[in-house]
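Right, one structure below, let's go through it.
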Amino acid sequence: MAQLTDDCFAFGGQLMSVDDALALIAERLPVLAGIEHVPLHEADGRIAAEDVIAGIDIPPFDNSAVDGYAVRYADLASTGETRLSVEGRIAAGESGPEMREAPAAVRIFTGARMPGGADTVFMQEDVALDGTDVILPSGLKCGANRRLAGEDVARGSTVIVAGRRLSPMDLAIAAAIGRSSLAVRRRLRVAVFSTGNELAEPGASLAPGAIHDSNRVMLIAILKRIGAEVSDLGILRDDRTLLAARLAEAASAHDLILTSGGVSTGEEDHVKPAVESVGSLVFWRLGIKPGRPVAMGIVQGTPFVGLPGNPVAVYVTLLFVVRPLLARLGGENFAAPLGIPVRSSFAYRKKVGRREYVRISLRRSADGGLEAVKFPRDGAGVLTSLTDSDGLAALGDDVTRIEPGDMMEVYLHALLYG
Ligand code: AMP
Ligand code: MG
């Protein structure tokens with residue numbers, strides 16, 4: 001695995017905008033994921049490691065788009081119906097007849113190769129049969145219902161660009177050009193820890209003052225959906241020496257170490273000093289709410305991100321900070337999802353210099369459009385604000401107020417982690 005050195009990063013300041021942090025990540029972090037070849041049917045969701053070039057045309061030959069009758073346009077009467085005798089038949093997969101010199105039609109089926117000389121196909125629903133003749137209506141254009149070789153994909157063109165997250169449709173196009181396997185990036189190996197003396201595993205009974213660890217299962221589930229190979233490394237107690245040792249241990253076998261909790265500046269927040277004792281911090285406060293304490297660093301050559309403890313802050317920073325970072329490490333051309341422009345139904349005030357994500361639901365407005373309704377409670381620990389909302393409205397660094405009727409960019413949950 002490529003080793004990162006501490007001097008990958010020149011930044012030594014404290015509060016950083018999310019955009020600056022992401023630019024720094026994109027500039028300074030290398031792609032860590034190697035390349036492997038996988039069969040097509042295992043490539044869904046993987047990151048293409050090389051451009052895929054079409055070695056053949058799609059379609060490979062001119063063919064009919066309908067069931068009907070193939071003709072030479074020049075044989076049709078200039079006005080009124082045309083009567084042609086039906087000579088020959090070609091179905092999909094056959095190598096059928098060529099057109100003769102004399103005017104005639106060929107019975108043809110969808111996907112069948114166009115007979116040499118034919119250029120136009122009448123749909124069977126549009127014609128009448130009379131013995132061995134077909135009677136064709138007027139008005140069809142030359143080339144109608146014919147699919148030309150290479151009209152979908154021309155041989156030599158790029159059908160999949162390196163860095164693309166492969167969709168089921170990408171697999172279809174790879175199959176169409178004859179590929180049975182693809183070069184993809186190796187899955188990133190991500191180590192996930194929770195931190196906090198108050199945390200108990202779900203299923204364990206709660207001692208006074210304890211809560212169940214809910215961050216870890218959400219983090220792991222989202223990371224898996226993004227395509228990572230996750231090591232669940234459990235809960236770490238709030239102990240600097242222990243934290244340092246466990247982070248260092250995790251570094252060698254992973255591409256990224258993720259923790260949640262313990263990155264604020266309280267006496268019980270030991271993650272930052274632990275990272276500094278076995279590596280170095282790059283930033284630890286981002287201009288993002290919920291989520292401001294987000295620590296990024298390097299532990300023995302492996303990137304480290306310490307997420308906040310509150311569940312909503314974990315969700316937001318995972319999607320808007322860790323996701324682009326993983327894309328960089330994993331060789332993915334990642335474009336932040338497009339926000340949907342939606343009208344606000346509420347007024348809101350915020351501080352300049354930080355990006356805020358407001359939990360919202362969508363409803364139909366009086367004019368038939370969509371408007372966003374704010375979840376009534378703001379706390380970064382309110383789990384129901386995630387389960388009972390549709391998504392997040394993003395308010396940019398410079399925005400200080402939103403009034404009812406203002407447009408906002410909305411990200412639906414389902415599109416963020418899918
Ligand atoms: P911390 O940043 O460690 O002070 O945590 C902030 C808040 O998040 C506290 O209320 C913690 O109890 C809570 N918290 C931290 N880690 C978790 C977790 N894994 N699951 C649920 N809540 C957590
Ligand atoms: Mg804590």
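Chains: A, B, ... in order of the structure tokens. Residues: from 1 per chain. Ligands: from 1, in order shown.
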Contact residues around A:Leu338 with only C-alpha atoms at 10 Å, ignoring same-chain residues under 5 positions, as a ChimeraX atom specification
/A:409-411,415-416
Counting only C-alpha atoms, what is within 6 Å of stretch 30-45 of chain A, bar same-chain residues fewer than 3 positions away, as a count of residues only?
15
Would you give me, as JSON lines, each residue of chain A having an atom within 10 Å of an atom of ligand 2, along with its shortest atom pair and that distance in Å to one decimal, using only C-alpha atoms and all ligand atoms and sorting by chain and residue number?
{"residue": "A:Ser194", "atom": "CA", "partner": "ligand 2", "partner_atom_place_in_ligand_line": "1 (Mg)", "distance": 8.9}
{"residue": "A:Thr195", "atom": "CA", "partner": "ligand 2", "partner_atom_place_in_ligand_line": "1 (Mg)", "distance": 6.0}
{"residue": "A:Gly196", "atom": "CA", "partner": "ligand 2", "partner_atom_place_in_ligand_line": "1 (Mg)", "distance": 4.3}
{"residue": "A:Asn197", "atom": "CA", "partner": "ligand 2", "partner_atom_place_in_ligand_line": "1 (Mg)", "distance": 7.0}
{"residue": "A:Glu198", "atom": "CA", "partner": "ligand 2", "partner_atom_place_in_ligand_line": "1 (Mg)", "distance": 7.5}
{"residue": "A:Leu199", "atom": "CA", "partner": "ligand 2", "partner_atom_place_in_ligand_line": "1 (Mg)", "distance": 8.7}
{"residue": "A:Leu236", "atom": "CA", "partner": "ligand 2", "partner_atom_place_in_ligand_line": "1 (Mg)", "distance": 9.9}
{"residue": "A:Arg237", "atom": "CA", "partner": "ligand 2", "partner_atom_place_in_ligand_line": "1 (Mg)", "distance": 8.8}
{"residue": "A:Asp238", "atom": "CA", "partner": "ligand 2", "partner_atom_place_in_ligand_line": "1 (Mg)", "distance": 6.9}
{"residue": "A:Ser260", "atom": "CA", "partner": "ligand 2", "partner_atom_place_in_ligand_line": "1 (Mg)", "distance": 8.2}
{"residue": "A:Gly261", "atom": "CA", "partner": "ligand 2", "partner_atom_place_in_ligand_line": "1 (Mg)", "distance": 4.7}
{"residue": "A:Gly262", "atom": "CA", "partner": "ligand 2", "partner_atom_place_in_ligand_line": "1 (Mg)", "distance": 4.2}
{"residue": "A:Val263", "atom": "CA", "partner": "ligand 2", "partner_atom_place_in_ligand_line": "1 (Mg)", "distance": 7.7}
{"residue": "A:Ser264", "atom": "CA", "partner": "ligand 2", "partner_atom_place_in_ligand_line": "1 (Mg)", "distance": 8.3}
{"residue": "A:Gly266", "atom": "CA", "partner": "ligand 2", "partner_atom_place_in_ligand_line": "1 (Mg)", "distance": 8.9}
{"residue": "A:Glu267", "atom": "CA", "partner": "ligand 2", "partner_atom_place_in_ligand_line": "1 (Mg)", "distance": 9.8}
{"residue": "A:Glu268", "atom": "CA", "partner": "ligand 2", "partner_atom_place_in_ligand_line": "1 (Mg)", "distance": 6.6}
{"residue": "A:Asp269", "atom": "CA", "partner": "ligand 2", "partner_atom_place_in_ligand_line": "1 (Mg)", "distance": 6.0}
{"residue": "A:His270", "atom": "CA", "partner": "ligand 2", "partner_atom_place_in_ligand_line": "1 (Mg)", "distance": 8.4}
{"residue": "A:Val271", "atom": "CA", "partner": "ligand 2", "partner_atom_place_in_ligand_line": "1 (Mg)", "distance": 9.2}
{"residue": "A:Pro308", "atom": "CA", "partner": "ligand 2", "partner_atom_place_in_ligand_line": "1 (Mg)", "distance": 8.6}
{"residue": "A:Gly309", "atom": "CA", "partner": "ligand 2", "partner_atom_place_in_ligand_line": "1 (Mg)", "distance": 6.4}
{"residue": "A:Asn310", "atom": "CA", "partner": "ligand 2", "partner_atom_place_in_ligand_line": "1 (Mg)", "distance": 9.2}
Counting only C-alpha atoms, the residue of A:Gly227, A:Gly55, A:Pro341, A:Gly93 that sits nearest A:Ser157:
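So, comparing all the options, the nearest one is A:Gly55.
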Exercise: A:Arg349 partners within 7 Å, only C-alpha atoms, chain neighbours under 3 positions left out, as a PyMOL selection string
chain A and resi 400-402
What is the distance, in Å and to one decimal place, between atom CA of A:Val322 and atom CA of A:Leu383?
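Taking atom CA of A:Val322 and atom CA of A:Leu383, their separation equals 20.0 Å.
Among the candidates A:Leu286, A:Leu370, A:Val153, A:Val382, the one nearest to A:Arg343 when counting only C-alpha atoms is A:Leu370.
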Please report the interatomic distance between atom CA of A:Val86 and atom CA of A:Cys142 in Å with one decimal.
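These atoms are spaced 19.0 Å apart.
The protein and nucleic acid residues lying at most 9 Å from A:Glu151 are Asp57, Ile58, Pro59, Arg147, Leu148 and Ala154 of chain A, with only C-alpha atoms considered and sequence neighbours fewer than 3 positions away removed.
The protein and nucleic acid residues lying at most 8 Å from A:Met99 are Ala104, Ala105, Val106, Pro115, Gly116, Gly117 and Ala118 of chain A, with only C-alpha atoms considered and sequence neighbours fewer than 4 positions away removed.
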Restrict the selected residues to all heavy atoms and save them as a PDB file, in the first residue's frame.
ATOM      1  N   ALA A 104     -39.223  -5.485 -54.805  1.00  0.00           N
ATOM      2  CA  ALA A 104     -39.809  -6.541 -53.972  1.00  0.00           C
ATOM      3  C   ALA A 104     -39.664  -6.135 -52.516  1.00  0.00           C
ATOM      4  O   ALA A 104     -38.909  -5.212 -52.201  1.00  0.00           O
ATOM      5  CB  ALA A 104     -39.097  -7.876 -54.208  1.00  0.00           C
ATOM      6  N   ALA A 105     -40.422  -6.819 -51.663  1.00  0.00           N
ATOM      7  CA  ALA A 105     -40.285  -6.598 -50.213  1.00  0.00           C
ATOM      8  C   ALA A 105     -39.760  -7.884 -49.580  1.00  0.00           C
ATOM      9  O   ALA A 105     -39.940  -8.972 -50.126  1.00  0.00           O
ATOM     10  CB  ALA A 105     -41.635  -6.236 -49.616  1.00  0.00           C
ATOM     11  N   VAL A 106     -39.081  -7.767 -48.431  1.00  0.00           N
ATOM     12  CA  VAL A 106     -38.616  -8.937 -47.679  1.00  0.00           C
ATOM     13  C   VAL A 106     -39.293  -8.917 -46.312  1.00  0.00           C
ATOM     14  O   VAL A 106     -39.297  -7.887 -45.630  1.00  0.00           O
ATOM     15  CB  VAL A 106     -37.074  -8.917 -47.523  1.00  0.00           C
ATOM     16  CG1 VAL A 106     -36.616 -10.027 -46.576  1.00  0.00           C
ATOM     17  CG2 VAL A 106     -36.395  -9.048 -48.874  1.00  0.00           C
ATOM     18  N   PRO A 115     -31.636  -6.764 -45.203  1.00  0.00           N
ATOM     19  CA  PRO A 115     -31.128  -7.367 -46.443  1.00  0.00           C
ATOM     20  C   PRO A 115     -30.340  -6.319 -47.219  1.00  0.00           C
ATOM     21  O   PRO A 115     -30.733  -5.140 -47.212  1.00  0.00           O
ATOM     22  CB  PRO A 115     -32.404  -7.743 -47.201  1.00  0.00           C
ATOM     23  CG  PRO A 115     -33.515  -7.690 -46.195  1.00  0.00           C
ATOM     24  CD  PRO A 115     -33.101  -6.727 -45.143  1.00  0.00           C
ATOM     25  N   GLY A 116     -29.231  -6.727 -47.839  1.00  0.00           N
ATOM     26  CA  GLY A 116     -28.431  -5.786 -48.630  1.00  0.00           C
ATOM     27  C   GLY A 116     -29.312  -5.092 -49.659  1.00  0.00           C
ATOM     28  O   GLY A 116     -30.106  -5.757 -50.338  1.00  0.00           O
ATOM     29  N   GLY A 117     -29.249  -3.783 -49.752  1.00  0.00           N
ATOM     30  CA  GLY A 117     -30.055  -3.022 -50.704  1.00  0.00           C
ATOM     31  C   GLY A 117     -31.305  -2.427 -50.087  1.00  0.00           C
ATOM     32  O   GLY A 117     -31.811  -1.416 -50.564  1.00  0.00           O
ATOM     33  N   ALA A 118     -31.838  -3.038 -49.019  1.00  0.00           N
ATOM     34  CA  ALA A 118     -33.029  -2.475 -48.358  1.00  0.00           C
ATOM     35  C   ALA A 118     -32.602  -1.339 -47.438  1.00  0.00           C
ATOM     36  O   ALA A 118     -31.520  -1.381 -46.858  1.00  0.00           O
ATOM     37  CB  ALA A 118     -33.739  -3.560 -47.562  1.00  0.00           C
TER      38      ALA A 118
END
Between atom CA of A:Gly209 and atom CA of A:Leu247, measure the distance and give it in Å to one decimal.
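Atom-to-atom, atom CA of A:Gly209 and atom CA of A:Leu247 are spaced 26.1 Å apart.
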Which is closer to A:Leu188 than all the others in A:Val230, A:Leu129, A:Ala251, A:Val278, using only C-alpha atoms?
A:Val230
For stretch 384-395 of chain A, please output as a list in words all residues within 7 Å (counting only C-alpha atoms; exclusion window: fewer than 6 positions along the same chain).
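Skipping anything fewer than 6 positions along the chain leaves Arg355, Glu356, Tyr357, Val358, Arg359, Ile360, Ser361, Leu362, Phe375, Met408, Glu409, Val410, Tyr411, Leu412 and His413 of chain A.
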Write out, as a compact mmCIF listing (two decimals), in the first residue's frame, the residues just selected, with all heavy atoms.
# COMPACT_ATOMS: atom_id res chain seq x y z
N ARG A 355 -20.96 25.76 6.45
CA ARG A 355 -22.02 25.16 5.65
C ARG A 355 -22.96 24.41 6.60
O ARG A 355 -22.50 23.72 7.50
CB ARG A 355 -21.37 24.17 4.68
CG ARG A 355 -22.34 23.42 3.83
CD ARG A 355 -21.60 22.52 2.90
NE ARG A 355 -20.63 23.27 2.09
CZ ARG A 355 -19.85 22.71 1.19
NH1 ARG A 355 -19.88 21.41 0.99
NH2 ARG A 355 -19.01 23.43 0.49
N GLU A 356 -24.24 24.60 6.38
CA GLU A 356 -25.18 23.92 7.27
C GLU A 356 -26.09 22.99 6.50
O GLU A 356 -26.51 23.31 5.39
CB GLU A 356 -26.03 24.95 8.02
CG GLU A 356 -25.55 25.08 9.43
CD GLU A 356 -26.43 25.98 10.29
OE1 GLU A 356 -27.54 25.58 10.68
OE2 GLU A 356 -25.96 27.09 10.57
N TYR A 357 -26.36 21.86 7.09
CA TYR A 357 -27.29 20.89 6.51
C TYR A 357 -28.50 20.80 7.43
O TYR A 357 -28.37 20.40 8.59
CB TYR A 357 -26.62 19.53 6.35
CG TYR A 357 -25.53 19.58 5.31
CD1 TYR A 357 -24.20 19.76 5.67
CD2 TYR A 357 -25.84 19.50 3.96
CE1 TYR A 357 -23.20 19.85 4.71
CE2 TYR A 357 -24.85 19.58 3.00
CZ TYR A 357 -23.53 19.75 3.37
OH TYR A 357 -22.55 19.84 2.42
N VAL A 358 -29.65 21.21 6.90
CA VAL A 358 -30.88 21.27 7.70
C VAL A 358 -31.75 20.08 7.31
O VAL A 358 -31.98 19.84 6.12
CB VAL A 358 -31.63 22.59 7.41
CG1 VAL A 358 -32.92 22.67 8.23
CG2 VAL A 358 -30.73 23.78 7.68
N ARG A 359 -32.22 19.34 8.31
CA ARG A 359 -33.06 18.17 8.01
C ARG A 359 -34.45 18.62 7.60
O ARG A 359 -35.08 19.42 8.31
CB ARG A 359 -33.12 17.27 9.24
CG ARG A 359 -31.84 16.49 9.44
CD ARG A 359 -31.52 16.33 10.91
NE ARG A 359 -30.84 17.48 11.46
CZ ARG A 359 -30.62 17.67 12.75
NH1 ARG A 359 -31.06 16.82 13.63
NH2 ARG A 359 -29.96 18.75 13.16
N ILE A 360 -34.88 18.14 6.46
CA ILE A 360 -36.16 18.60 5.91
C ILE A 360 -36.98 17.42 5.35
O ILE A 360 -36.44 16.35 5.08
CB ILE A 360 -35.96 19.63 4.77
CG1 ILE A 360 -35.10 19.04 3.65
CG2 ILE A 360 -35.34 20.92 5.28
CD1 ILE A 360 -35.81 18.38 2.57
N SER A 361 -38.27 17.68 5.19
CA SER A 361 -39.11 16.77 4.40
C SER A 361 -39.74 17.58 3.29
O SER A 361 -39.84 18.81 3.38
CB SER A 361 -40.18 16.13 5.27
OG SER A 361 -39.57 15.15 6.09
N LEU A 362 -40.14 16.90 2.24
CA LEU A 362 -40.74 17.58 1.09
C LEU A 362 -42.25 17.44 1.15
O LEU A 362 -42.77 16.41 1.57
CB LEU A 362 -40.23 16.97 -0.22
CG LEU A 362 -38.73 17.10 -0.47
CD1 LEU A 362 -38.37 16.45 -1.80
CD2 LEU A 362 -38.31 18.57 -0.47
N PHE A 375 -37.48 19.81 9.85
CA PHE A 375 -37.77 18.92 10.99
C PHE A 375 -37.79 19.80 12.24
O PHE A 375 -36.93 20.65 12.42
CB PHE A 375 -36.69 17.83 11.10
CG PHE A 375 -37.05 16.78 12.10
CD1 PHE A 375 -37.91 15.76 11.76
CD2 PHE A 375 -36.56 16.85 13.41
CE1 PHE A 375 -38.27 14.79 12.71
CE2 PHE A 375 -36.91 15.89 14.35
CZ PHE A 375 -37.77 14.86 13.99
N MET A 408 -33.67 26.50 -2.06
CA MET A 408 -32.56 25.82 -1.38
C MET A 408 -32.21 24.56 -2.18
O MET A 408 -33.03 24.04 -2.93
CB MET A 408 -32.99 25.36 0.02
CG MET A 408 -33.44 26.47 0.93
SD MET A 408 -33.82 25.80 2.58
CE MET A 408 -35.04 24.58 2.18
N GLU A 409 -30.99 24.10 -1.99
CA GLU A 409 -30.58 22.83 -2.61
C GLU A 409 -30.87 21.71 -1.63
O GLU A 409 -30.41 21.74 -0.49
CB GLU A 409 -29.07 22.82 -2.86
CG GLU A 409 -28.59 23.93 -3.75
CD GLU A 409 -28.49 23.46 -5.18
OE1 GLU A 409 -27.58 22.65 -5.45
OE2 GLU A 409 -29.32 23.88 -6.01
N VAL A 410 -31.60 20.71 -2.10
CA VAL A 410 -31.98 19.61 -1.22
C VAL A 410 -31.35 18.31 -1.71
O VAL A 410 -31.32 18.03 -2.91
CB VAL A 410 -33.52 19.49 -1.15
CG1 VAL A 410 -33.94 18.15 -0.59
CG2 VAL A 410 -34.09 20.62 -0.30
N TYR A 411 -30.84 17.54 -0.77
CA TYR A 411 -30.29 16.20 -1.07
C TYR A 411 -31.17 15.17 -0.37
O TYR A 411 -31.30 15.19 0.85
CB TYR A 411 -28.86 16.08 -0.54
CG TYR A 411 -27.93 17.10 -1.15
CD1 TYR A 411 -27.71 18.33 -0.53
CD2 TYR A 411 -27.29 16.83 -2.35
CE1 TYR A 411 -26.88 19.27 -1.11
CE2 TYR A 411 -26.45 17.76 -2.93
CZ TYR A 411 -26.25 18.97 -2.31
OH TYR A 411 -25.43 19.90 -2.88
N LEU A 412 -31.76 14.28 -1.14
CA LEU A 412 -32.59 13.24 -0.53
C LEU A 412 -31.68 12.17 0.08
O LEU A 412 -30.67 11.80 -0.52
CB LEU A 412 -33.50 12.62 -1.59
CG LEU A 412 -34.52 13.59 -2.20
CD1 LEU A 412 -35.37 12.88 -3.25
CD2 LEU A 412 -35.41 14.20 -1.12
N HIS A 413 -32.06 11.67 1.24
CA HIS A 413 -31.24 10.65 1.90
C HIS A 413 -30.89 9.51 0.93
O HIS A 413 -29.74 9.11 0.82
CB HIS A 413 -31.98 10.04 3.09
CG HIS A 413 -32.22 11.00 4.22
ND1 HIS A 413 -31.22 11.76 4.77
CD2 HIS A 413 -33.36 11.31 4.90
CE1 HIS A 413 -31.72 12.50 5.76
NE2 HIS A 413 -33.01 12.26 5.85
Using only C-alpha atoms and all ligand atoms, which residue out of A:Gly297, A:Gly339, A:Gly291, A:Pro376 lies closest to ligand 1?
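Nearest to ligand 1: A:Gly291.
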Among stretch 142-175 of chain A, which residues carry a DSSP assignment of helix (DSSP H, G or I), reported as a PyMOL selection string?
chain A and resi 168-175
Quick check for you: according to DSSP on this backbone, which residues of stretch 134-233 of chain A are classed as strand (DSSP E)? Reply as a JSON list (two decimals) with C-alpha atoms, in the first residue's frame.
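Now in selection.json:
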[["chain", "number", "residue", "atom", "x", "y", "z"],
["A", 134, "VAL", "CA", -47.88, -6.58, -49.55],
["A", 135, "ILE", "CA", -49.65, -3.24, -49.98],
["A", 136, "LEU", "CA", -47.67, -0.39, -48.46],
["A", 146, "ARG", "CA", -33.96, 0.85, -39.62],
["A", 147, "ARG", "CA", -31.18, 0.87, -37.00],
["A", 158, "THR", "CA", -15.19, 5.12, -25.03],
["A", 159, "VAL", "CA", -18.22, 3.55, -23.40],
["A", 160, "ILE", "CA", -17.01, 3.68, -19.78],
["A", 181, "SER", "CA", -14.79, -8.94, -17.34],
["A", 182, "LEU", "CA", -13.67, -5.44, -16.37],
["A", 183, "ALA", "CA", -10.70, -3.89, -14.61],
["A", 184, "VAL", "CA", -11.92, -2.29, -11.40],
["A", 185, "ARG", "CA", -10.37, -0.70, -8.33],
["A", 189, "ARG", "CA", -10.44, -1.44, 3.41],
["A", 190, "VAL", "CA", -11.91, 0.78, 6.11],
["A", 191, "ALA", "CA", -11.47, 0.26, 9.84],
["A", 192, "VAL", "CA", -14.33, 1.54, 12.00],
["A", 193, "PHE", "CA", -14.15, 2.24, 15.74],
["A", 194, "SER", "CA", -16.58, 3.86, 18.13],
["A", 195, "THR", "CA", -15.17, 5.70, 21.13],
["A", 199, "LEU", "CA", -21.17, 3.06, 24.90],
["A", 200, "ALA", "CA", -22.60, -0.44, 25.13],
["A", 211, "ILE", "CA", -26.26, 4.26, 25.84],
["A", 212, "HIS", "CA", -26.14, 1.79, 22.99],
["A", 229, "GLU", "CA", -14.67, -3.60, 2.77],
["A", 230, "VAL", "CA", -15.26, -2.75, 6.40],
["A", 231, "SER", "CA", -13.52, -4.05, 9.54],
["A", 232, "ASP", "CA", -15.78, -3.59, 12.55],
["A", 233, "LEU", "CA", -13.27, -2.93, 15.32]]
Residues at most 12 Å from A:Arg364, counting only C-alpha atoms, excluding those fewer than 2 positions away in the same chain, as an MDAnalysis selection string?
chainID A and resid 342:345 361:362 366:373
Same residues, N, CA and C atoms, output as a CSV table (one decimal), in the first residue's frame:
chain,number,residue,atom,x,y,z
A,342,VAL,N,-35.4,23.4,-4.3
A,342,VAL,CA,-36.8,23.3,-3.6
A,342,VAL,C,-37.0,24.6,-2.8
A,343,ARG,N,-38.2,25.1,-2.8
A,343,ARG,CA,-38.6,26.3,-2.0
A,343,ARG,C,-38.6,26.0,-0.5
A,344,SER,N,-38.1,26.9,0.3
A,344,SER,CA,-38.2,26.7,1.7
A,344,SER,C,-39.6,27.2,2.2
A,345,SER,N,-40.2,26.5,3.2
A,345,SER,CA,-41.4,26.9,3.8
A,345,SER,C,-41.1,27.6,5.1
A,361,SER,N,-38.3,17.7,5.2
A,361,SER,CA,-39.1,16.8,4.4
A,361,SER,C,-39.7,17.6,3.3
A,362,LEU,N,-40.1,16.9,2.2
A,362,LEU,CA,-40.7,17.6,1.1
A,362,LEU,C,-42.3,17.4,1.1
A,366,ALA,N,-48.7,24.8,-2.9
A,366,ALA,CA,-50.0,25.2,-3.5
A,366,ALA,C,-49.8,25.3,-5.0
A,367,ASP,N,-48.6,25.7,-5.5
A,367,ASP,CA,-48.5,25.9,-7.0
A,367,ASP,C,-48.1,24.6,-7.7
A,368,GLY,N,-48.1,23.5,-7.0
A,368,GLY,CA,-47.9,22.2,-7.6
A,368,GLY,C,-46.4,21.8,-7.5
A,369,GLY,N,-45.5,22.7,-7.1
A,369,GLY,CA,-44.1,22.4,-6.9
A,369,GLY,C,-43.9,21.7,-5.6
A,370,LEU,N,-42.6,21.7,-5.2
A,370,LEU,CA,-42.2,21.0,-4.0
A,370,LEU,C,-41.7,22.1,-3.0
A,371,GLU,N,-42.0,21.9,-1.7
A,371,GLU,CA,-41.4,22.8,-0.7
A,371,GLU,C,-40.9,22.0,0.4
A,372,ALA,N,-39.9,22.6,1.1
A,372,ALA,CA,-39.2,21.9,2.1
A,372,ALA,C,-39.7,22.3,3.5
A,373,VAL,N,-40.0,21.4,4.3
A,373,VAL,CA,-40.5,21.6,5.7
A,373,VAL,C,-39.4,21.2,6.6
Among listed residues A:Arg377, A:Arg240, A:Arg216, A:Arg83, nearest ligand 1 (using only C-alpha atoms and all ligand atoms)
A:Arg216
